[in-house]
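Trainee: Okay, so here is input_5.cif, and as you'll see once you scroll down, it has mmCIF, C-alpha atoms.
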data_my_file
#
loop_
_atom_site.label_atom_id
_atom_site.label_comp_id
_atom_site.auth_asym_id
_atom_site.auth_seq_id
_atom_site.Cartn_x
_atom_site.Cartn_y
_atom_site.Cartn_z
CA MET A 195 -56.99 -25.95 51.79
CA GLN A 196 -59.15 -23.03 52.81
CA THR A 197 -56.95 -20.61 54.72
CA LEU A 198 -53.68 -18.85 54.05
CA GLU A 199 -52.13 -20.57 57.08
CA GLN A 200 -53.05 -23.98 55.71
CA TRP A 201 -51.57 -23.14 52.33
CA LEU A 202 -48.32 -21.87 53.86
CA SER A 203 -48.00 -25.00 55.99
CA PHE A 204 -48.46 -27.15 52.88
CA ILE A 205 -45.95 -25.12 50.87
CA GLU A 206 -43.38 -25.19 53.67
CA HIS A 207 -43.30 -28.98 53.71
CA LEU A 208 -43.55 -29.57 49.96
CA HIS A 209 -39.83 -29.44 49.09
CA SER A 210 -36.99 -31.33 50.76
CA LYS A 211 -34.84 -28.21 51.22
CA THR A 212 -35.73 -24.87 52.78
CA ILE A 213 -33.28 -23.12 50.45
CA ASP A 214 -32.59 -24.77 47.10
CA MET A 215 -30.82 -22.42 44.73
CA GLY A 216 -31.33 -22.85 40.99
CA LEU A 217 -33.44 -21.55 38.13
CA GLU A 218 -34.56 -24.73 36.36
CA ARG A 219 -37.79 -25.26 38.33
CA MET A 220 -38.72 -21.58 38.15
CA ASN A 221 -38.10 -21.38 34.42
CA LYS A 222 -40.35 -24.40 33.85
CA MET A 223 -43.12 -22.94 35.98
CA ILE A 224 -42.93 -19.45 34.48
CA LYS A 225 -43.35 -21.03 31.05
CA LYS A 226 -46.24 -23.23 32.25
CA MET A 227 -48.03 -20.31 33.90
CA ASP A 228 -47.24 -17.92 31.05
CA ILE A 229 -45.87 -15.29 33.43
CA LYS A 230 -44.54 -12.19 31.67
CA PHE A 231 -44.59 -8.43 32.09
CA ASP A 232 -44.96 -5.71 29.48
CA VAL A 233 -44.32 -2.94 32.04
CA PRO A 234 -41.03 -1.77 33.60
CA VAL A 235 -39.59 -4.28 36.08
CA PHE A 236 -37.12 -3.10 38.73
CA THR A 237 -35.04 -5.92 40.20
CA VAL A 238 -33.27 -4.92 43.43
CA GLY A 239 -30.44 -6.91 44.98
CA GLY A 240 -27.54 -6.32 47.34
CA THR A 241 -26.39 -7.17 50.84
CA ASN A 242 -28.02 -4.24 52.66
CA GLY A 243 -30.33 -1.47 51.46
CA LYS A 244 -32.58 -3.53 49.19
CA GLY A 245 -35.70 -2.81 51.19
CA SER A 246 -35.00 0.92 51.32
CA ILE A 247 -34.51 1.15 47.56
CA CYS A 248 -37.70 -0.80 46.94
CA SER A 249 -39.52 1.60 49.25
CA TYR A 250 -38.13 4.71 47.53
CA LEU A 251 -39.06 3.39 44.10
CA GLU A 252 -42.53 2.44 45.30
CA HIS A 253 -43.24 5.83 46.91
CA ILE A 254 -41.93 7.88 44.02
CA LEU A 255 -43.87 5.92 41.41
CA GLN A 256 -47.07 5.92 43.44
CA ALA A 257 -46.73 9.65 44.03
CA GLN A 258 -46.76 9.99 40.26
CA GLY A 259 -50.05 8.13 40.07
CA TYR A 260 -48.66 4.81 38.84
CA LYS A 261 -50.09 1.47 39.96
CA VAL A 262 -47.18 -0.42 41.48
CA GLY A 263 -46.62 -3.97 42.68
CA VAL A 264 -43.81 -4.67 45.17
CA HIS A 265 -42.40 -8.03 46.24
CA THR A 266 -40.06 -8.14 49.25
CA SER A 267 -38.79 -10.86 51.53
CA PRO A 268 -38.63 -12.12 54.16
CA HIS A 269 -41.68 -10.91 56.04
CA LEU A 270 -41.42 -9.70 59.62
CA ILE A 271 -44.79 -10.57 61.12
CA ARG A 272 -47.31 -11.62 58.48
CA PHE A 273 -46.75 -13.35 55.16
CA ASN A 274 -48.86 -10.67 53.47
CA GLU A 275 -45.95 -8.23 53.88
CA ARG A 276 -44.27 -9.94 50.92
CA ALA A 277 -46.59 -8.43 48.32
CA LYS A 278 -48.16 -5.00 47.99
CA VAL A 279 -50.27 -3.44 45.26
CA ASN A 280 -50.58 0.33 45.45
CA GLY A 281 -49.26 0.39 48.99
CA GLN A 282 -51.76 -2.19 50.26
CA TYR A 283 -50.80 -5.67 51.37
CA VAL A 284 -52.39 -8.42 49.31
CA ALA A 285 -55.29 -10.08 51.15
CA ASP A 286 -55.29 -13.70 52.32
CA GLU A 287 -58.01 -14.68 49.85
CA GLU A 288 -56.04 -13.43 46.88
CA PHE A 289 -52.93 -15.33 47.94
CA CYS A 290 -55.02 -18.49 48.24
CA LYS A 291 -56.44 -17.94 44.76
CA TYR A 292 -53.00 -17.72 43.17
CA PHE A 293 -51.56 -20.57 45.24
CA GLU A 294 -54.28 -22.68 43.63
CA GLU A 295 -52.99 -21.62 40.20
CA VAL A 296 -49.44 -22.63 41.12
CA GLU A 297 -50.68 -25.97 42.45
CA LYS A 298 -52.61 -26.70 39.24
CA ALA A 299 -49.56 -25.90 37.11
CA ARG A 300 -46.77 -27.67 39.02
CA GLY A 301 -47.85 -31.29 38.50
CA GLU A 302 -45.23 -33.57 40.11
CA LEU A 303 -42.63 -30.82 40.31
CA THR A 304 -41.67 -29.85 43.87
CA LEU A 305 -40.97 -26.21 44.62
CA SER A 306 -39.22 -24.49 47.49
CA TYR A 307 -41.23 -22.18 49.77
CA PHE A 308 -39.69 -19.11 48.11
CA GLU A 309 -40.31 -20.40 44.58
CA TYR A 310 -43.91 -21.36 45.22
CA THR A 311 -44.86 -18.10 46.92
CA LEU A 312 -42.95 -15.99 44.40
CA LEU A 313 -44.75 -17.63 41.48
CA ALA A 314 -48.12 -16.82 43.05
CA ILE A 315 -47.09 -13.21 43.59
CA LEU A 316 -45.76 -12.84 40.05
CA LYS A 317 -48.98 -14.21 38.55
CA LEU A 318 -51.01 -11.91 40.79
CA PHE A 319 -48.95 -8.91 39.66
CA GLN A 320 -49.37 -9.92 36.03
CA GLU A 321 -53.16 -9.96 36.34
CA LYS A 322 -53.38 -6.65 38.26
CA HIS A 323 -52.47 -4.66 35.12
CA LEU A 324 -49.77 -2.69 36.90
CA ASP A 325 -47.70 0.21 35.60
CA ALA A 326 -44.49 -1.01 37.26
CA VAL A 327 -43.21 -4.04 39.17
CA ILE A 328 -40.53 -3.95 41.89
CA LEU A 329 -38.91 -7.28 42.83
CA GLU A 330 -36.49 -7.72 45.71
CA ILE A 331 -33.93 -10.48 45.28
CA GLY A 332 -34.13 -13.03 48.08
CA LEU A 333 -30.54 -14.28 48.24
CA GLY A 334 -27.59 -13.43 46.03
CA GLY A 335 -28.59 -13.02 42.42
CA ARG A 336 -27.29 -15.65 40.00
CA LEU A 337 -29.45 -18.54 41.19
CA ASP A 338 -32.16 -16.63 43.03
CA ALA A 339 -35.69 -17.40 41.82
CA VAL A 340 -36.38 -13.70 41.14
CA ASN A 341 -33.62 -13.76 38.54
CA THR A 342 -35.87 -15.75 36.20
CA VAL A 343 -37.80 -12.53 35.52
CA ASP A 344 -36.10 -10.27 32.99
CA PRO A 345 -35.70 -6.79 34.49
CA THR A 346 -35.94 -3.46 32.74
CA VAL A 347 -33.34 -2.12 35.16
CA SER A 348 -31.31 -3.92 37.83
CA ILE A 349 -30.05 -2.32 41.03
CA ILE A 350 -27.45 -3.63 43.48
CA ALA A 351 -27.62 -1.63 46.70
CA SER A 352 -24.40 -2.69 48.43
CA ILE A 353 -21.97 -5.58 48.64
CA GLY A 354 -20.96 -7.10 51.97
CA ILE A 355 -20.15 -10.47 53.48
CA ASP A 356 -23.31 -12.48 54.01
CA HIS A 357 -24.76 -15.89 53.08
CA THR A 358 -21.23 -17.24 52.60
CA ALA A 359 -22.48 -20.84 52.40
CA TYR A 360 -24.21 -19.97 49.13
CA LEU A 361 -22.40 -16.96 47.67
CA GLY A 362 -18.71 -17.25 48.61
CA ASN A 363 -16.41 -16.01 51.34
CA THR A 364 -15.14 -12.75 49.81
CA ARG A 365 -16.70 -9.53 48.50
CA GLU A 366 -15.29 -10.42 45.09
CA GLU A 367 -17.12 -13.78 44.97
CA ILE A 368 -20.34 -12.32 46.38
CA ALA A 369 -20.27 -9.35 43.97
CA TRP A 370 -19.87 -11.70 40.99
CA ASP A 371 -22.90 -13.69 42.09
CA LYS A 372 -25.05 -10.60 42.69
CA ALA A 373 -24.00 -9.06 39.36
CA HIS A 374 -25.90 -11.80 37.54
CA ILE A 375 -29.11 -9.79 37.94
CA TYR A 376 -27.63 -7.40 35.33
CA ARG A 377 -28.65 -7.87 31.70
CA HIS A 378 -27.17 -7.17 28.29
CA ASN A 379 -27.81 -3.64 27.03
CA LYS A 380 -29.98 -2.78 30.02
CA PRO A 381 -29.33 -0.28 32.84
CA ALA A 382 -27.30 -1.82 35.68
CA ILE A 383 -27.17 0.41 38.75
CA CYS A 384 -24.59 -0.13 41.51
CA GLY A 385 -25.25 1.76 44.75
CA ASP A 386 -21.97 0.60 46.29
CA LYS A 387 -19.31 3.28 45.80
CA ASN A 388 -16.51 0.74 45.94
CA PRO A 389 -17.71 -2.33 44.05
CA PRO A 390 -15.31 -5.26 43.59
CA GLU A 391 -13.72 -5.58 40.17
CA THR A 392 -15.65 -8.82 39.63
CA LEU A 393 -18.91 -6.86 39.42
CA ILE A 394 -17.46 -4.36 36.95
CA SER A 395 -15.88 -7.10 34.84
CA TYR A 396 -19.09 -9.14 34.67
CA ALA A 397 -21.14 -6.11 33.67
CA LYS A 398 -18.65 -5.35 30.87
CA GLU A 399 -18.56 -8.99 29.81
CA ILE A 400 -22.33 -9.17 29.23
CA GLY A 401 -22.63 -5.63 27.86
CA ALA A 402 -24.74 -4.22 30.70
CA LEU A 403 -25.12 -0.44 30.93
CA LEU A 404 -23.32 -0.07 34.26
CA GLU A 405 -23.67 3.07 36.39
CA ILE A 406 -21.73 3.28 39.66
CA ASN A 407 -22.53 5.49 42.64
CA GLY A 408 -19.94 8.24 43.03
CA LYS A 409 -18.85 7.93 39.41
CA ASP A 410 -21.92 8.09 37.16
CA PHE A 411 -24.41 9.42 39.70
CA GLU A 412 -24.24 10.70 43.27
CA GLY A 413 -26.24 12.14 46.13
CA ILE A 414 -24.61 14.74 48.36
CA LYS A 415 -25.96 16.18 51.59
CA THR A 416 -25.98 19.98 51.26
CA GLY A 417 -27.47 21.13 54.55
CA ASP A 418 -29.14 19.99 57.71
CA ASN A 419 -32.30 19.07 55.84
CA SER A 420 -31.44 18.82 52.15
CA TRP A 421 -29.40 16.97 49.56
CA ASN A 422 -28.65 17.17 45.84
CA TYR A 423 -28.78 14.41 43.26
CA ALA A 424 -26.64 14.50 40.12
CA GLY A 425 -27.00 11.86 37.41
CA PRO A 426 -26.16 11.61 33.72
CA LYS A 427 -29.16 13.84 32.87
CA TRP A 428 -30.98 14.77 36.06
CA LYS A 429 -29.77 17.51 38.39
CA LEU A 430 -32.07 17.75 41.42
CA ASN A 431 -31.28 20.27 44.14
CA ASP A 432 -32.62 20.85 47.65
CA LEU A 433 -34.36 17.51 47.92
CA PRO A 434 -35.76 16.74 51.40
CA LEU A 435 -33.62 14.26 53.29
CA PRO A 436 -34.93 10.70 53.30
CA SER A 437 -37.13 10.02 56.31
CA MET A 438 -34.83 7.08 57.02
CA LYS A 439 -31.72 8.93 58.15
CA GLY A 440 -28.05 8.19 57.54
CA VAL A 441 -25.53 8.75 54.74
CA TYR A 442 -26.24 5.27 53.44
CA GLN A 443 -29.89 6.27 52.92
CA ILE A 444 -28.82 9.08 50.61
CA ASN A 445 -26.84 6.42 48.73
CA ASN A 446 -29.93 4.20 48.55
CA ALA A 447 -32.17 7.08 47.46
CA SER A 448 -29.59 8.03 44.81
CA ALA A 449 -29.57 4.49 43.45
CA ALA A 450 -33.38 4.58 43.20
CA LEU A 451 -33.28 7.90 41.34
CA ALA A 452 -30.52 6.60 39.04
CA ALA A 453 -32.73 3.63 38.14
CA LEU A 454 -35.70 5.87 37.39
CA GLU A 455 -33.51 8.21 35.36
CA ALA A 456 -32.17 5.28 33.34
CA VAL A 457 -35.67 4.22 32.26
CA GLU A 458 -37.30 7.65 31.92
CA ASP A 459 -38.18 6.83 28.31
CA GLN A 460 -40.37 3.98 29.56
CA ILE A 461 -41.89 5.45 32.73
CA GLU A 462 -42.00 9.20 33.20
CA VAL A 463 -41.35 10.84 36.56
CA ASP A 464 -41.96 14.55 37.12
CA LYS A 465 -38.77 15.97 38.60
CA ILE A 466 -40.43 18.48 40.91
CA GLN A 467 -38.96 19.21 44.31
CA SER A 468 -41.21 19.37 47.31
CA LYS A 469 -41.27 22.45 49.51
CA PRO A 470 -41.96 22.33 52.36
CA GLU A 471 -40.14 19.19 53.40
CA ILE A 472 -42.50 16.22 53.36
CA ILE A 473 -41.81 13.07 55.38
CA VAL A 474 -43.98 9.97 55.16
CA ASP A 475 -43.55 7.19 57.70
CA VAL A 476 -45.63 4.02 57.92
CA GLY A 477 -44.70 3.46 61.57
CA HIS A 478 -47.79 2.33 63.48
CA ASN A 479 -46.52 1.13 66.85
CA PRO A 480 -44.63 2.55 69.86
CA HIS A 481 -41.26 1.16 68.75
CA ALA A 482 -41.52 2.88 65.37
CA ALA A 483 -42.77 6.06 67.07
CA VAL A 484 -39.67 6.20 69.29
CA GLN A 485 -37.42 5.98 66.24
CA LEU A 486 -39.43 8.60 64.37
CA ALA A 487 -39.42 10.98 67.35
CA GLU A 488 -35.67 10.62 67.74
CA THR A 489 -35.14 11.26 64.04
CA LEU A 490 -37.27 14.42 64.07
CA LYS A 491 -35.55 15.79 67.17
CA ALA A 492 -32.12 15.09 65.68
CA ASN A 493 -33.07 16.99 62.53
CA PRO A 494 -34.72 20.26 63.61
CA ILE A 495 -36.10 22.75 61.09
CA GLY A 496 -36.53 26.51 61.17
CA GLY A 497 -40.31 26.46 60.76
CA LYS A 498 -43.25 24.48 62.10
CA THR A 499 -44.01 20.78 61.84
CA TYR A 500 -47.50 19.87 60.61
CA ALA A 501 -48.44 16.28 61.47
CA VAL A 502 -51.04 14.49 59.34
CA PHE A 503 -51.91 11.60 61.62
CA GLY A 504 -54.18 8.57 61.33
CA MET A 505 -54.02 5.21 63.14
CA LEU A 506 -56.02 2.01 63.05
CA SER A 507 -58.26 1.38 66.06
CA ASP A 508 -56.49 -1.84 67.10
CA LYS A 509 -53.09 -0.15 67.49
CA ASP A 510 -51.63 1.37 70.66
CA ARG A 511 -52.74 4.92 69.90
CA GLU A 512 -52.30 6.25 73.43
CA LYS A 513 -48.67 5.16 73.64
CA VAL A 514 -47.84 6.51 70.18
CA CYS A 515 -49.43 9.86 71.09
CA SER A 516 -47.43 10.01 74.31
CA ILE A 517 -44.22 9.52 72.33
CA MET A 518 -45.06 11.84 69.44
CA GLY A 519 -47.06 14.56 71.23
CA SER A 520 -44.19 17.03 71.43
CA CYS A 521 -42.95 16.43 67.87
CA ALA A 522 -45.40 18.67 66.00
CA ASP A 523 -46.74 22.21 66.26
CA CYS A 524 -50.00 21.55 64.41
CA TRP A 525 -51.96 18.30 64.18
CA MET A 526 -54.26 17.20 61.36
CA VAL A 527 -55.86 14.08 62.86
CA CYS A 528 -57.80 11.99 60.38
CA ASP A 529 -60.44 9.26 60.27
CA LEU A 530 -59.30 6.06 58.56
CA PRO A 531 -61.68 3.88 56.52
CA GLY A 532 -62.79 0.31 57.17
CA GLU A 533 -63.80 -1.71 60.21
CA ARG A 534 -60.39 -1.20 61.83
CA GLY A 535 -60.20 2.45 60.84
CA GLY A 536 -59.50 4.70 63.82
CA LYS A 537 -61.44 7.88 64.53
CA ALA A 538 -59.82 11.30 64.56
CA GLU A 539 -61.68 12.25 67.73
CA ASP A 540 -59.98 9.43 69.61
CA LEU A 541 -56.57 10.67 68.51
CA GLN A 542 -57.56 14.20 69.53
CA LYS A 543 -58.37 12.98 73.05
CA CYS A 544 -55.07 11.10 73.29
CA LEU A 545 -53.07 14.13 72.19
CA ILE A 546 -54.87 16.49 74.59
CA LYS A 547 -54.13 14.01 77.38
CA GLU A 548 -50.44 14.38 76.50
CA GLY A 549 -50.57 18.16 76.77
CA VAL A 550 -51.24 19.18 73.18
CA ALA A 551 -53.47 22.27 73.15
CA ASP A 552 -56.93 21.89 71.65
CA ASP A 553 -56.32 24.75 69.20
CA GLN A 554 -53.29 22.89 67.84
CA ILE A 555 -55.51 20.05 66.61
CA LYS A 556 -57.82 19.93 63.59
CA ILE A 557 -60.12 17.01 62.77
CA PHE A 558 -60.58 15.71 59.22
CA ALA A 559 -62.87 13.08 57.73
CA ASN A 560 -59.99 11.50 55.81
CA VAL A 561 -56.25 11.75 55.22
CA GLU A 562 -56.67 13.48 51.86
CA TYR A 563 -58.43 16.47 53.43
CA GLY A 564 -55.93 16.65 56.27
CA LEU A 565 -52.92 16.62 53.95
CA GLN A 566 -54.46 19.15 51.58
CA ASN A 567 -54.98 21.49 54.53
CA ALA A 568 -51.37 21.03 55.61
CA LEU A 569 -50.09 21.72 52.10
CA LYS A 570 -52.13 24.93 51.91
CA THR A 571 -50.99 26.12 55.32
CA ALA A 572 -47.31 25.13 55.49
CA ARG A 573 -44.58 27.50 54.31
CA SER A 574 -41.32 26.59 52.58
CA THR A 575 -39.43 26.50 55.89
CA ASP A 576 -41.96 24.16 57.51
CA ARG A 577 -42.19 20.39 57.55
CA ILE A 578 -45.17 18.10 56.88
CA LEU A 579 -45.09 14.73 58.59
CA VAL A 580 -47.51 12.02 57.47
CA PHE A 581 -47.50 8.96 59.74
CA GLY A 582 -49.41 6.40 61.78
CA SER A 583 -50.31 3.64 59.33
CA PHE A 584 -49.73 2.17 55.90
CA VAL A 585 -53.32 3.24 55.22
CA THR A 586 -52.44 6.85 56.12
CA VAL A 587 -49.36 6.92 53.91
CA SER A 588 -51.11 5.22 51.01
CA ALA A 589 -53.89 7.82 51.09
CA ALA A 590 -51.35 10.65 51.26
CA LEU A 591 -49.51 9.36 48.21
CA THR A 592 -52.65 9.77 46.12
CA VAL A 593 -52.58 13.48 46.97
CA LEU A 594 -48.86 14.10 46.55
CA LYS A 595 -47.73 14.52 42.98
CA VAL A 596 -44.02 14.92 43.70
CA PRO A 597 -41.31 12.39 44.57
CA VAL A 598 -41.27 11.76 48.30
CA LEU A 599 -38.04 10.18 49.56
#
As structure tokens, please, write out the structure in this file.

Mentor:
Amino acid sequence: MQTLEQWLSFIEHLHSKTIDMGLERMNKMIKKMDIKFDVPVFTVGGTNGKGSICSYLEHILQAQGYKVGVHTSPHLIRFNERAKVNGQYVADEEFCKYFEEVEKARGELTLSYFEYTLLAILKLFQEKHLDAVILEIGLGGRLDAVNTVDPTVSIIASIGIDHTAYLGNTREEIAWDKAHIYRHNKPAICGDKNPPETLISYAKEIGALLEINGKDFEGIKTGDNSWNYAGPKWKLNDLPLPSMKGVYQINNASAALAALEAVEDQIEVDKIQSKPEIIVDVGHNPHAAVQLAETLKANPIGGKTYAVFGMLSDKDREKVCSIMGSCADCWMVCDLPGERGGKAEDLQKCLIKEGVADDQIKIFANVEYGLQNALKTARSTDRILVFGSFVTVSAALTVLKVPVL
């Protein structure tokens, strides 16, 4: 097999069941492939909010300069979305390389699609010499393949009714299953403010260090554009609201901060608050731009909005500019690297076409220069928006040395 598509087709038809819960095959393979981590591992489960918490953890840790690997599932468009290293999706060739390692190790053992691909991603993460690993649970917790990796801290975002064929028909049954990602004498974060007693009882039974949202930690909105976090040790005030809006996002961001606080002895995070407000958004298509524009308009600020903007050349830049043109007062348009990297001058032309004045636009050779200019210019009442591409956001996170939620 030469291509990623060929590998994925092979993997998809290897096992008799699409979903086959159980840990026996994974445990055998992890031992065979000698997969282990000596860096903090964040395991994230729950019914809803898992992806948001993974994203908050990733952005905060990367903003601190840490090299981070993130596994999420399922993917939306491309398989590569399931694994990122330092904000960049893993390339086809690397997946193929590690699929070969799984194939050599498995012998006659058949593996489900999720097991096979997860093993490749875990081995890849192991060999990337990361500072932290973030693993999203696929389904439930107790028998999910991710649960074969021992976490440093486990987070359950929320508990709702879903996957009843595998997890049970009530919140109590589902919570018990999800709680199995908790470990003895290790931090166990619960983002749900009203967890079923089965989760609490299981955590006590195994001696997990349970912290519950609203009891042991909490995030509270304090103004139109700010919120406070209070945990066992950390007290963070006037944090910028998460770019993903909604009360539940404050809950998700709080759970991420609680997890980081619980392992601060193993991975240090500078608790510095960002002023002005900084929003990063990886949206790179018209649909995402509509949502971002609506969010910005629904959350006005007293000062100016500085947009640090870069898009890949094969994206619909004209449409995105037409949607976002009125959302910023000052534009820092930036060249992006690589063959697909878009040019700042093209974005300038698109914005001018939408009525943005020429003196409102500055051109920069890269995102780093554009963001540095915005940081120097913006005042505490202003807002800095970084958007347009994963490449844009990734570059910005190398400049920012504060948590960005």

Trainee: Which of these, A:Asn363, A:Ser246, A:Asn445, A:Asn422, has the shortest distance to Asp386 of chain A once you count only C-alpha atoms?

Mentor: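 Ranking A:Asn363, A:Ser246, A:Asn445, A:Asn422 by distance to Asp386 of chain A, first place goes to A:Asn445.
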
Trainee: Just checking: using all atoms listed in the file, which residue out of A:Ala589, A:Ile375, A:Leu303, A:Ala487 ends up closest to Pro531 of chain A?

Mentor: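 Residue with the minimum atom-to-atom distance to Pro531 of chain A: A:Ala589.
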
Trainee: Rank A:Ile578, A:Ala482, A:Val264, A:Leu318 by their smallest atom-to-atom distance to Ile247 of chain A, using all atoms listed in the file, and report the top residue only.

Mentor: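 Checking each candidate against Ile247 of chain A, we get A:Val264 as the closest.
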
Trainee: Just give me the gap between atom CA of Glu539 of chain A and atom CA of Met526 of chain A in Å, one decimal is fine.

Mentor: 11.0 Å

Trainee: Could you work out how far atom CA of Leu591 of chain A lies from atom CA of Ala450 of chain A, giving the answer in Å with one decimal?

Mentor: 17.6 Å

Trainee: Please report, as JSON, the centre and edge lengths in Å to one decimal of an axis-aligned box covering all listed atoms of segment 563-574 of chain A with 5 Å per side.

Mentor:
{"center_x": -49.9, "center_y": 22.0, "center_z": 53.9, "size_x": 27.1, "size_y": 21.0, "size_z": 14.7}

Trainee: Could you tell me which of A:His374, A:Arg577, A:His481, A:Arg272 comes closest to Glu399 of chain A if we count all atoms listed in the file?

Mentor: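 Under the stated criterion, the closest residue is A:His374.
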
Trainee: Mind checking which residues fall within 8 Å of Gly519 of chain A, counting all atoms listed in the file, ignoring those fewer than 2 positions away in the same chain, and posting them as a ChimeraX atom specification?

Mentor: /A:515-517,521-522,545,548-550

Trainee: Between A:Thr197, A:Ser210, A:Asn379, A:Gln320, single out the one closest to Ser348 of chain A, counting all atoms listed in the file.

Mentor: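 Looking only at the distances to Ser348 of chain A, the closest residue turns out to be A:Asn379.
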
Trainee: Between atom CA of Pro268 of chain A and atom CA of Phe293 of chain A, what is the distance in Å, rounded to a tenth?

Mentor: 17.8 Å

Trainee: Excluding segment 230-245 of chain A and any residue of its chain fewer than 5 positions from it, enumerate the residues within 7 Å of it, using only C-alpha atoms, and give them as a count of residues only.

Mentor: 22

Trainee: For each of A:Val484, A:Ile555, A:Leu430, A:Met223, take the minimum atom-to-atom distance to Gln542 of chain A, counting only C-alpha atoms, then give the residue where this is smallest.

Mentor: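 Between A:Val484, A:Ile555, A:Leu430, A:Met223, the residue approaching Gln542 of chain A most closely is A:Ile555.
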
Trainee: Compile the contact shell of Leu451 of chain A as a list of chain:residue names: residues with an atom at most 9 Å away, counting all atoms listed in the file, same-chain residues fewer than 2 positions apart removed.

Mentor: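 These residues fall inside the cut-off: A:Tyr250, A:Leu251, A:Tyr423, A:Gly425, A:Trp428, A:Asn446, A:Ala447, A:Ser448, A:Ala449, A:Ala453, A:Leu454, A:Glu455, A:Ala456.
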
Trainee: Kindly resolve the PyMOL selection byres ((chain A and resi 562) around 7) on the present coordinates and return the residues as a PyMOL selection string.

Mentor: chain A and resi 560-561+563-566+589-590+593

Trainee: Determine the residue membership of the PyMOL selection byres ((chain A and resi 253-260) around 9) for the file above and supply it as JSON, numbers by chain.

Mentor: {"A": [248, 249, 250, 251, 252, 261, 262, 280, 281, 324, 325, 326, 461, 462, 463, 464, 588, 590, 591, 592, 593, 594, 595, 596, 597, 598, 599]}

Trainee: Can you pull out the residues contacting Gln200 of chain A? Cut-off 12 Å, using all atoms listed in the file, and skip same-chain residues under 4 positions away; I want them as a list in words.

Mentor: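 The filter keeps Met195, Gln196, Phe204, Ile205, Glu206, His207, Asp286, Phe289, Cys290 and Phe293 of chain A.
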
Trainee: I want to know what sits within 9 Å of Ile394 of chain A, based on only C-alpha atoms, with residues of the same chain fewer than 3 positions away left out; could you give that as an NGL selection string?

Mentor: :A and (370 or 373 or 389-391 or 397-399 or 404)

Trainee: Got a sec to resolve the PyMOL selection byres ((chain A and resi 411) around 8) on this structure and send the residues as a list of chain:residue names?

Mentor: A:Glu405, A:Ile406, A:Asn407, A:Gly408, A:Lys409, A:Asp410, A:Glu412, A:Gly413, A:Tyr423, A:Ala424, A:Gly425, A:Pro426, A:Ser448, A:Ala452
